[in-house]
Every structure is written in C-alpha cells, then in structure tokens.
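What follows is the content of final.cif, which has mmCIF, C-alpha atoms:
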```cif
data_upload
loop_
_atom_site.group_PDB
_atom_site.id
_atom_site.type_symbol
_atom_site.label_atom_id
_atom_site.label_comp_id
_atom_site.auth_asym_id
_atom_site.auth_seq_id
_atom_site.Cartn_x
_atom_site.Cartn_y
_atom_site.Cartn_z
ATOM 1 C CA MET D 1 -17.875 -4.232 -1.418
ATOM 2 C CA ARG D 2 -15.371 -4.450 1.441
ATOM 3 C CA VAL D 3 -12.056 -2.626 0.910
ATOM 4 C CA PHE D 4 -8.822 -2.750 2.895
ATOM 5 C CA ASP D 5 -5.772 -0.549 2.843
ATOM 6 C CA PHE D 6 -2.589 -2.623 3.087
ATOM 7 C CA ASP D 7 0.280 -0.931 4.955
ATOM 8 C CA ASN D 8 -0.349 -0.610 8.700
ATOM 9 C CA THR D 9 -3.848 -1.958 8.123
ATOM 10 C CA ILE D 10 -3.550 -5.646 7.319
ATOM 11 C CA TYR D 11 0.257 -5.543 7.041
ATOM 12 C CA ASP D 12 2.085 -4.772 10.282
ATOM 13 C CA GLY D 13 4.284 -1.910 9.119
ATOM 14 C CA GLU D 14 5.174 -0.038 5.961
ATOM 15 C CA SER D 15 5.924 -2.513 3.185
ATOM 16 C CA GLY D 16 7.750 0.186 1.190
ATOM 17 C CA PHE D 17 10.222 0.712 4.015
ATOM 18 C CA ASP D 18 10.663 -3.038 4.521
ATOM 19 C CA ILE D 19 11.218 -3.543 0.778
ATOM 20 C CA PHE D 20 13.870 -0.817 0.698
ATOM 21 C CA VAL D 21 15.728 -2.392 3.649
ATOM 22 C CA PHE D 22 15.480 -5.844 2.064
ATOM 23 C CA PHE D 23 16.898 -4.648 -1.257
ATOM 24 C CA PHE D 24 19.611 -2.672 0.548
ATOM 25 C CA LYS D 25 20.809 -5.886 2.188
ATOM 26 C CA LYS D 26 20.882 -7.559 -1.225
ATOM 27 C CA GLU D 27 22.568 -4.710 -3.118
ATOM 28 C CA PRO D 28 24.127 -2.310 -0.565
ATOM 29 C CA LYS D 29 26.407 -0.522 -3.043
ATOM 30 C CA LEU D 30 23.545 0.179 -5.427
ATOM 31 C CA ILE D 31 20.894 1.087 -2.873
ATOM 32 C CA SER D 32 23.034 3.125 -0.441
ATOM 33 C CA ARG D 33 23.106 6.113 -2.795
ATOM 34 C CA TYR D 34 19.318 6.370 -2.518
ATOM 35 C CA ILE D 35 19.085 6.387 1.290
ATOM 36 C CA PRO D 36 18.843 10.205 1.696
ATOM 37 C CA LYS D 37 16.284 10.598 -1.096
ATOM 38 C CA PHE D 38 14.260 7.599 0.049
ATOM 39 C CA GLY D 39 14.291 8.821 3.650
ATOM 40 C CA GLU D 40 13.021 12.259 2.654
ATOM 41 C CA GLY D 41 10.363 10.799 0.368
ATOM 42 C CA PHE D 42 9.197 8.260 2.946
ATOM 43 C CA LEU D 43 8.796 10.960 5.623
ATOM 44 C CA ARG D 44 6.820 13.190 3.269
ATOM 45 C CA TYR D 45 4.643 10.222 2.293
ATOM 46 C CA LYS D 46 3.862 9.454 5.950
ATOM 47 C CA LEU D 47 2.951 13.094 6.535
ATOM 48 C CA GLY D 48 0.726 13.134 3.435
ATOM 49 C CA ARG D 49 2.859 15.815 1.786
ATOM 50 C CA VAL D 50 3.786 14.052 -1.437
ATOM 51 C CA GLN D 51 1.849 15.096 -4.530
ATOM 52 C CA LEU D 52 1.202 12.510 -7.222
ATOM 53 C CA ASP D 53 3.055 14.408 -9.945
ATOM 54 C CA GLU D 54 6.116 14.614 -7.670
ATOM 55 C CA VAL D 55 6.417 10.845 -7.360
ATOM 56 C CA LYS D 56 7.306 10.320 -11.012
ATOM 57 C CA ARG D 57 9.309 13.517 -11.287
ATOM 58 C CA GLU D 58 11.360 13.204 -8.081
ATOM 59 C CA TYR D 59 11.614 9.441 -7.584
ATOM 60 C CA GLY D 60 11.188 7.943 -11.060
ATOM 61 C CA ASP D 61 14.926 7.907 -11.808
ATOM 62 C CA MET D 62 15.599 5.974 -8.609
ATOM 63 C CA LEU D 63 13.099 3.276 -9.577
ATOM 64 C CA ARG D 64 14.286 3.078 -13.166
ATOM 65 C CA GLU D 65 17.921 2.634 -12.179
ATOM 66 C CA GLY D 66 17.096 0.210 -9.401
ATOM 67 C CA CYS D 67 14.960 -2.010 -11.624
ATOM 68 C CA ALA D 68 17.587 -1.928 -14.377
ATOM 69 C CA LYS D 69 20.434 -2.984 -12.108
ATOM 70 C CA MET D 70 18.807 -5.305 -9.573
ATOM 71 C CA ARG D 71 19.207 -8.932 -10.549
ATOM 72 C CA ASN D 72 16.247 -11.325 -10.786
ATOM 73 C CA LEU D 73 13.610 -9.047 -9.279
ATOM 74 C CA PRO D 74 10.730 -11.575 -9.493
ATOM 75 C CA GLN D 75 12.698 -14.051 -7.367
ATOM 76 C CA LEU D 76 13.643 -11.312 -4.908
ATOM 77 C CA ILE D 77 9.952 -10.485 -4.475
ATOM 78 C CA VAL D 78 9.283 -14.122 -3.579
ATOM 79 C CA GLU D 79 12.168 -14.040 -1.096
ATOM 80 C CA PHE D 80 10.873 -10.813 0.411
ATOM 81 C CA TRP D 81 7.469 -12.341 1.122
ATOM 82 C CA ASP D 82 9.060 -15.536 2.432
ATOM 83 C CA ALA D 83 10.517 -13.332 5.159
ATOM 84 C CA HIS D 84 7.613 -10.907 5.625
ATOM 85 C CA GLU D 85 4.400 -12.882 5.103
ATOM 86 C CA LYS D 86 4.309 -13.330 8.889
ATOM 87 C CA LYS D 87 3.535 -9.604 9.202
ATOM 88 C CA ILE D 88 -0.025 -10.046 7.938
ATOM 89 C CA LYS D 89 -2.067 -9.169 11.017
ATOM 90 C CA PRO D 90 -4.074 -11.855 12.843
ATOM 91 C CA PHE D 91 -7.193 -9.652 12.972
ATOM 92 C CA TYR D 92 -7.400 -9.728 9.173
ATOM 93 C CA LYS D 93 -6.966 -13.484 8.968
ATOM 94 C CA ALA D 94 -9.888 -13.820 11.403
ATOM 95 C CA ILE D 95 -12.311 -11.704 9.338
ATOM 96 C CA GLN D 96 -11.090 -12.342 5.788
ATOM 97 C CA LYS D 97 -13.688 -12.961 3.081
ATOM 98 C CA ASP D 98 -13.325 -14.264 -0.466
ATOM 99 C CA ASP D 99 -14.452 -11.035 -2.120
ATOM 100 C CA ASP D 100 -12.232 -8.620 -0.142
ATOM 101 C CA VAL D 101 -10.444 -5.921 -2.128
ATOM 102 C CA ILE D 102 -7.071 -4.427 -1.214
ATOM 103 C CA ILE D 103 -6.361 -0.901 -2.470
ATOM 104 C CA SER D 104 -2.835 0.243 -1.737
ATOM 105 C CA ALA D 105 -0.023 2.552 -2.792
ATOM 106 C CA CYS D 106 2.153 -0.574 -2.757
ATOM 107 C CA PRO D 107 3.094 -1.665 -6.307
ATOM 108 C CA GLU D 108 0.845 -4.347 -7.755
ATOM 109 C CA VAL D 109 3.927 -6.437 -8.615
ATOM 110 C CA MET D 110 4.562 -6.683 -4.868
ATOM 111 C CA LEU D 111 0.919 -7.170 -3.902
ATOM 112 C CA ALA D 112 0.425 -9.992 -6.402
ATOM 113 C CA GLU D 113 2.645 -12.443 -4.531
ATOM 114 C CA ILE D 114 1.352 -11.776 -1.015
ATOM 115 C CA CYS D 115 -2.268 -11.719 -2.173
ATOM 116 C CA ARG D 116 -1.767 -15.085 -3.865
ATOM 117 C CA ARG D 117 -0.340 -16.480 -0.630
ATOM 118 C CA ILE D 118 -3.095 -15.255 1.669
ATOM 119 C CA GLY D 119 -5.959 -15.907 -0.747
ATOM 120 C CA VAL D 120 -6.957 -12.367 -1.749
ATOM 121 C CA ARG D 121 -8.104 -12.373 -5.369
ATOM 122 C CA HIS D 122 -8.840 -8.670 -5.819
ATOM 123 C CA TYR D 123 -6.266 -5.930 -5.379
ATOM 124 C CA ILE D 124 -5.414 -2.541 -6.843
ATOM 125 C CA GLY D 125 -2.020 -0.913 -6.394
ATOM 126 C CA THR D 126 0.498 1.365 -7.993
ATOM 127 C CA GLN D 127 1.501 0.206 -11.466
ATOM 128 C CA LEU D 128 5.234 -0.425 -11.815
ATOM 129 C CA ASP D 129 6.950 -2.092 -14.774
ATOM 130 C CA LEU D 130 9.753 -4.199 -13.279
ATOM 131 C CA SER D 131 11.586 -4.426 -16.584
ATOM 132 C CA THR D 132 11.886 -0.652 -17.018
ATOM 133 C CA GLY D 133 11.108 0.853 -13.613
ATOM 134 C CA GLU D 134 8.453 3.038 -15.206
ATOM 135 C CA ILE D 135 5.587 4.104 -12.957
ATOM 136 C CA GLY D 136 2.058 4.016 -14.340
ATOM 137 C CA ARG D 137 -0.964 4.720 -12.150
ATOM 138 C CA ILE D 138 -0.031 5.819 -8.639
ATOM 139 C CA CYS D 139 -2.587 4.492 -6.177
ATOM 140 C CA TYR D 140 -2.396 7.103 -3.425
ATOM 141 C CA ARG D 141 -4.849 9.411 -1.674
ATOM 142 C CA GLU D 142 -7.568 10.679 -4.059
ATOM 143 C CA ALA D 143 -6.219 8.417 -6.820
ATOM 144 C CA LYS D 144 -7.455 5.420 -4.833
ATOM 145 C CA VAL D 145 -11.026 6.548 -5.479
ATOM 146 C CA GLU D 146 -10.273 6.932 -9.188
ATOM 147 C CA ALA D 147 -8.767 3.430 -9.238
ATOM 148 C CA TYR D 148 -11.796 2.021 -7.405
ATOM 149 C CA ARG D 149 -14.195 3.700 -9.830
ATOM 150 C CA ALA D 150 -12.194 2.498 -12.837
ATOM 151 C CA GLN D 151 -12.387 -1.096 -11.608
ATOM 152 C CA TYR D 152 -15.834 -1.244 -9.990
ATOM 153 C CA GLY D 153 -17.785 1.710 -11.399
ATOM 154 C CA ASP D 154 -20.648 2.767 -9.151
ATOM 155 C CA LEU D 155 -20.605 -0.392 -7.037
ATOM 156 C CA PRO D 156 -21.116 0.839 -3.455
ATOM 157 C CA LEU D 157 -18.134 0.781 -1.130
ATOM 158 C CA ASP D 158 -19.805 -0.751 1.918
ATOM 159 C CA GLU D 159 -16.876 -1.052 4.328
ATOM 160 C CA LEU D 160 -13.394 0.443 4.418
ATOM 161 C CA TYR D 161 -10.576 -0.560 6.772
ATOM 162 C CA THR D 162 -7.635 1.853 6.932
ATOM 163 C CA ASP D 163 -5.058 3.246 9.327
ATOM 164 C CA SER D 164 -4.522 6.631 7.725
ATOM 165 C CA GLN D 165 -6.046 9.998 6.970
ATOM 166 C CA ASN D 166 -4.303 9.681 3.615
ATOM 167 C CA ASP D 167 -7.366 7.585 2.733
ATOM 168 C CA ARG D 168 -9.777 10.438 3.489
ATOM 169 C CA ALA D 169 -11.226 10.338 -0.042
ATOM 170 C CA LEU D 170 -12.027 6.631 0.295
ATOM 171 C CA MET D 171 -13.436 7.267 3.777
ATOM 172 C CA GLU D 172 -15.867 9.806 2.365
ATOM 173 C CA LEU D 173 -16.960 7.310 -0.298
ATOM 174 C CA ALA D 174 -17.470 4.391 2.096
ATOM 175 C CA ARG D 175 -20.697 3.865 4.046
ATOM 176 C CA THR D 176 -18.883 2.308 6.995
ATOM 177 C CA VAL D 177 -15.288 3.013 8.010
ATOM 178 C CA TYR D 178 -13.043 1.173 10.446
ATOM 179 C CA LEU D 179 -9.848 2.779 11.736
ATOM 180 C CA VAL D 180 -7.102 0.231 12.370
ATOM 181 C CA SER D 181 -4.254 0.676 14.842
ATOM 182 C CA GLY D 182 -2.237 -2.465 15.435
ATOM 183 C CA GLU D 183 -4.837 -5.124 16.216
ATOM 184 C CA ARG D 184 -7.370 -2.532 17.387
ATOM 185 C CA VAL D 185 -10.249 -1.916 14.986
ATOM 186 C CA GLU D 186 -12.609 0.978 15.721
ATOM 187 C CA LYS D 187 -15.736 1.891 13.772
ATOM 188 C CA ILE D 188 -15.667 5.636 13.059
ATOM 189 C CA LYS D 189 -18.428 5.839 10.460
ATOM 190 C CA ALA D 190 -21.605 3.760 10.282
ATOM 191 C CA ASP D 191 -24.228 3.765 7.526
ATOM 192 C CA GLY D 192 -22.895 7.029 6.137
ATOM 193 C CA VAL D 193 -22.829 8.860 9.478
ATOM 194 C CA TRP D 194 -19.576 9.754 11.231
ATOM 195 C CA CYS D 195 -19.495 8.590 14.826
ATOM 196 C CA LYS D 196 -15.877 9.680 15.243
ATOM 197 C CA ARG D 197 -13.639 11.507 12.795
ATOM 198 C CA ALA D 198 -10.328 9.866 11.954
ATOM 199 C CA ASP D 199 -8.488 13.087 12.774
ATOM 200 C CA LYS D 200 -9.905 13.401 16.293
#
```
With the file now loaded, output its structure as structure tokens.
Amino acid sequence: MRVFDFDNTIYDGESGFDIFVFFFKKEPKLISRYIPKFGEGFLRYKLGRVQLDEVKREYGDMLREGCAKMRNLPQLIVEFWDAHEKKIKPFYKAIQKDDDVIISACPEVMLAEICRRIGVRHYIGTQLDLSTGEIGRICYREAKVEAYRAQYGDLPLDELYTDSQNDRALMELARTVYLVSGERVEKIKADGVWCKRADK
C-alpha cells in the first residue's frame, strides 16, 4: 500500500487556506466575520497544536453557518478545482499509480472532485456534511492511522509520502517514508529503519 498526504505533499500549498480565500471572494460579507477565528485555527493547525475534540467544539459553528448560507456548494467546489487543479505537483504526476491512497485532513467532499480529475480512486479525508456543516470523522494526526486501519485493516503500509511531522503516527506505521518539500522528495525511513528523522 502506498499512501500520500495531500496538502504540501501532492498539492502545492494548503488547500484549506486556498478554499477559505476562494469562498471569501464569493461571499465576503459572510466569510469576513470568520477571518480572525480561521487565522488562529489555521496557525494552530500548522503548528500541530489543535486537538481533535477542539475542532468540533471551537470551529463547528463556523462550518455549520457557512454551509447553511453558502449557495450551491457542490458547484463552488467544481469552480474551486477549476482554478486550483494546476497546483497538483509534477513529481506526483510522474510517479502516480492506480492503487495510490490519499489520506488527508481535507474534507472528503473536497477531495472527491480533485481525485476524480487526477485519477486517484482511493482517498480518506475528514467527513463533512455539506447540507448541515456537521463534522464527522476528523482525519488528522493519530486519527489518520485509525482511518487507515478502519479502511484497510492490517494491510501493510509500504510507503508514505508526507511533508509534515503531524503525520508522525503514519510515519511510525509505514515501512518506508518519504519527506516532501516542494518538488524535493527525500527518503527518511527505509524497510522499517530510520535513515533520517523528519524532525532533524
């Protein structure tokens, strides 16, 4: 099994940030009220300081109101990827295989469209109901391992590509780990043995 993180791994940037900016341009009066809260949450996410229970408690209202008031969200998702599909990194296109799996904190409703476009059939993300804004499973940090196990059981995780120490739990599970920075891909674990720690 070969697994890829999405943001900053095969996608050039943070899709969550890009989505927020895109929706702000569409609905500035609605979205502007969330800028301070989103900014704080995004920074804490990047620093790995957001706990899973906090996401629903602190940011659930923002998602529920946004989904309730945004018009035609499925079409907006298509428009978003029309503009941002170009940010899929060339390195991934060069090594892509039919059985690749993407595991990401990005909502599955967002991943579905881009994965369809680039030919990735298997993906696991955060569960978000567009009609209500309710968050289900949050696919972040240790929860990525739980999501992998729920989907694939004890199937070995042969290779992992990620940019972030937030994926430490998946790194420990994988036999081989590649650290991605831009287009640079560096092997930091091979056949279960660390050759370079991601935090060094």
The PyMOL selection byres ((chain D and resi 122) around 9) applied to the shown file, residues as a ChimeraX atom specification: /D:98-103,115,120-121,123-124
Considering all atoms listed in the file, tabulate each residue of range 87-158 of chain D that lies at most 12 Å from range 173-185 of chain D along with its nearest interatomic pair and the corresponding distance in Å to one decimal; arrange the rows by chain and ascending residue number and present them as JSON lines.
```
{"residue": "D:Lys87", "atom": "CA", "partner": "D:Gly182", "partner_atom": "CA", "distance": 11.1}
{"residue": "D:Ile88", "atom": "CA", "partner": "D:Glu183", "partner_atom": "CA", "distance": 10.8}
{"residue": "D:Lys89", "atom": "CA", "partner": "D:Glu183", "partner_atom": "CA", "distance": 7.1}
{"residue": "D:Pro90", "atom": "CA", "partner": "D:Glu183", "partner_atom": "CA", "distance": 7.6}
{"residue": "D:Phe91", "atom": "CA", "partner": "D:Glu183", "partner_atom": "CA", "distance": 6.0}
{"residue": "D:Tyr92", "atom": "CA", "partner": "D:Glu183", "partner_atom": "CA", "distance": 8.8}
{"residue": "D:Lys93", "atom": "CA", "partner": "D:Glu183", "partner_atom": "CA", "distance": 11.3}
{"residue": "D:Ala94", "atom": "CA", "partner": "D:Glu183", "partner_atom": "CA", "distance": 11.1}
{"residue": "D:Ile95", "atom": "CA", "partner": "D:Val185", "partner_atom": "CA", "distance": 11.5}
{"residue": "D:Glu142", "atom": "CA", "partner": "D:Leu173", "partner_atom": "CA", "distance": 10.7}
{"residue": "D:Lys144", "atom": "CA", "partner": "D:Leu173", "partner_atom": "CA", "distance": 10.7}
{"residue": "D:Val145", "atom": "CA", "partner": "D:Leu173", "partner_atom": "CA", "distance": 7.9}
{"residue": "D:Glu146", "atom": "CA", "partner": "D:Leu173", "partner_atom": "CA", "distance": 11.1}
{"residue": "D:Tyr148", "atom": "CA", "partner": "D:Leu173", "partner_atom": "CA", "distance": 10.3}
{"residue": "D:Arg149", "atom": "CA", "partner": "D:Leu173", "partner_atom": "CA", "distance": 10.6}
{"residue": "D:Asp154", "atom": "CA", "partner": "D:Leu173", "partner_atom": "CA", "distance": 10.6}
{"residue": "D:Leu155", "atom": "CA", "partner": "D:Ala174", "partner_atom": "CA", "distance": 10.8}
{"residue": "D:Pro156", "atom": "CA", "partner": "D:Ala174", "partner_atom": "CA", "distance": 7.5}
{"residue": "D:Leu157", "atom": "CA", "partner": "D:Ala174", "partner_atom": "CA", "distance": 4.9}
{"residue": "D:Asp158", "atom": "CA", "partner": "D:Arg175", "partner_atom": "CA", "distance": 5.2}
```
Could you please determine the separation between CA of Gly66 in chain D and CA of Leu30 in chain D in Å, to one decimal place?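 We find that CA of Gly66 in chain D and CA of Leu30 in chain D lie 7.6 Å from each other.
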Have a look at D:Val78, D:Met171, D:Cys195, D:Leu47 and name the one nearest to Val3 in chain D; count all atoms listed in the file.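 Result for the nearest residue to Val3 in chain D: D:Met171.
For the residues D:Pro107, D:Pro28, D:Gly153, D:Pro36, ranking by smallest atom-to-atom distance to Ser15 in chain D using all atoms listed in the file places D:Pro107 first.
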Quick check on the file I pasted: which residues fall under the PyMOL selection byres ((chain D and resi 168) around 12)? Write them as a PyMOL selection string. chain D and resi 5+48+140-145+160-167+169-174+177+179+197-199
Can you spit out the residues from that selection as a JSON list (two decimals), in the coordinates of the input, using C-alpha atoms?
```
[["chain", "number", "residue", "atom", "x", "y", "z"],
["D", 5, "ASP", "CA", -5.77, -0.55, 2.84],
["D", 48, "GLY", "CA", 0.73, 13.13, 3.44],
["D", 140, "TYR", "CA", -2.40, 7.10, -3.42],
["D", 141, "ARG", "CA", -4.85, 9.41, -1.67],
["D", 142, "GLU", "CA", -7.57, 10.68, -4.06],
["D", 143, "ALA", "CA", -6.22, 8.42, -6.82],
["D", 144, "LYS", "CA", -7.46, 5.42, -4.83],
["D", 145, "VAL", "CA", -11.03, 6.55, -5.48],
["D", 160, "LEU", "CA", -13.39, 0.44, 4.42],
["D", 161, "TYR", "CA", -10.58, -0.56, 6.77],
["D", 162, "THR", "CA", -7.64, 1.85, 6.93],
["D", 163, "ASP", "CA", -5.06, 3.25, 9.33],
["D", 164, "SER", "CA", -4.52, 6.63, 7.72],
["D", 165, "GLN", "CA", -6.05, 10.00, 6.97],
["D", 166, "ASN", "CA", -4.30, 9.68, 3.62],
["D", 167, "ASP", "CA", -7.37, 7.58, 2.73],
["D", 169, "ALA", "CA", -11.23, 10.34, -0.04],
["D", 170, "LEU", "CA", -12.03, 6.63, 0.30],
["D", 171, "MET", "CA", -13.44, 7.27, 3.78],
["D", 172, "GLU", "CA", -15.87, 9.81, 2.37],
["D", 173, "LEU", "CA", -16.96, 7.31, -0.30],
["D", 174, "ALA", "CA", -17.47, 4.39, 2.10],
["D", 177, "VAL", "CA", -15.29, 3.01, 8.01],
["D", 179, "LEU", "CA", -9.85, 2.78, 11.74],
["D", 197, "ARG", "CA", -13.64, 11.51, 12.80],
["D", 198, "ALA", "CA", -10.33, 9.87, 11.95],
["D", 199, "ASP", "CA", -8.49, 13.09, 12.77]]
```
